[in-house]
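Participant: Okay, handing you the structure first.
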Amino acid sequence: RIRKMFKWALSVEALTSPDILEMLRAVDGLQKNRSDAKESKPVKAVKRSAVDAVEPHIKPMLWSMISLQLVTGARPGEIRLMKMENIDRTGDVWEYRPAEHKLEHKDIDRVIFIGAEGQRLLLPYFKANPAQYLFEARPGKPYTKDSYCRAMSRACKKAKIDSWSPNQLRHTAATDIRKRFGLEASRVILGHSSADTTLVYAERDYEAAKAVIRQM
């Protein structure tokens, strides 16, 4: 974060010296478990049994959102902010291009493929206005990151199971895709630019990705 701050300062009217940035780049990062810095817990996949357990305790719309994450590998925010105008429905496998996504600032295209099961889940929520959010917590307002997470937490509590978060669903999908179709299929469907990133979750070939989504 400090390096990024100085890099920004250098790009904006040269508020700092290039030498300082180079010196900062030479400093090694903190090594895991070798300092007093807090170690964040890795996000792990949630078991399907734990996902199924919340269905009776959650709104049908939220269950559809959960199910969509599992069949597409999409991030929670990509589902929460979904609109019809961003979905290309010309083929048997739909292509959803979020208006905003995690790697947008790097000019990396993000395509989420939606097969028959995902289409079935989406159809009841289609709106007359294609610019309207498909999943609304209240009229005109989508679920927020916090409200989506709170809904999961409440449902887990009612189901009397350990709480899990929407982010874990993407890891569950990644693990499932990798087991069934291999690492490369998982990488393309999840939108990762390298196989190393996919390994944390468990050449972009969209046609191959569509073939996998059809089978799923």
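Convention: chains lettered A, B, ... in structure tokens order; per-chain residue numbering from 1; ligands numbered from 1 as shown.
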If we count only C-alpha atoms, what is near Leu62 in chain A at a cut-off of 12 Å, once residues fewer than 5 positions away on the same chain are taken out, given as a VMD selection string?

Facilitator: chain A and resid 51 54 to 57 67 to 69 76 79 to 80 121 to 122 125 134 to 137 142 to 143 147 to 152 155 166

Participant: I want to know what sits within 12 Å of Arg1 in chain A, based on only C-alpha atoms, with residues of the same chain fewer than 3 positions away left out; could you give that as a ChimeraX atom specification?

Facilitator: /A:4-8,24-25,29

Participant: Set the distance at 9 Å and use only C-alpha atoms: which residues neighbour Ser163 in chain A once local chain neighbours fewer than 3 positions away are removed? I'd like the list as JSON, numbers by chain.

Facilitator: {"A": [50, 152, 153, 154, 155, 156, 157, 160]}

Participant: Sorted by chain and rising residue number, list the residues of range 5-122 of chain A at most 9 Å from range 170-179 of chain A (counting only C-alpha atoms), each with its closest atom pair and distance in Å to one decimal, as JSON lines.

Facilitator:
```
{"residue": "A:Val43", "atom": "CA", "partner": "A:His171", "partner_atom": "CA", "distance": 7.7}
{"residue": "A:Lys44", "atom": "CA", "partner": "A:His171", "partner_atom": "CA", "distance": 6.4}
{"residue": "A:Ala45", "atom": "CA", "partner": "A:Thr172", "partner_atom": "CA", "distance": 4.4}
{"residue": "A:Val46", "atom": "CA", "partner": "A:Thr172", "partner_atom": "CA", "distance": 5.9}
{"residue": "A:Lys47", "atom": "CA", "partner": "A:Thr172", "partner_atom": "CA", "distance": 7.3}
{"residue": "A:Arg48", "atom": "CA", "partner": "A:Thr172", "partner_atom": "CA", "distance": 8.0}
{"residue": "A:Gln69", "atom": "CA", "partner": "A:Arg170", "partner_atom": "CA", "distance": 6.4}
{"residue": "A:Leu70", "atom": "CA", "partner": "A:Ala173", "partner_atom": "CA", "distance": 5.1}
{"residue": "A:Val71", "atom": "CA", "partner": "A:Ala173", "partner_atom": "CA", "distance": 6.9}
{"residue": "A:Thr72", "atom": "CA", "partner": "A:Ala173", "partner_atom": "CA", "distance": 7.4}
{"residue": "A:Gly73", "atom": "CA", "partner": "A:Arg170", "partner_atom": "CA", "distance": 5.0}
{"residue": "A:Ala74", "atom": "CA", "partner": "A:Arg170", "partner_atom": "CA", "distance": 6.2}
{"residue": "A:Arg75", "atom": "CA", "partner": "A:Arg170", "partner_atom": "CA", "distance": 6.2}
{"residue": "A:Pro76", "atom": "CA", "partner": "A:Arg170", "partner_atom": "CA", "distance": 8.0}
```

Participant: Which is closer to Thr144 in chain A than all the others in A:Glu78, A:Asp52, A:Glu117, A:Asp92, using only C-alpha atoms?

Facilitator: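 Counting only C-alpha atoms, the residue closest to Thr144 in chain A is A:Glu78.
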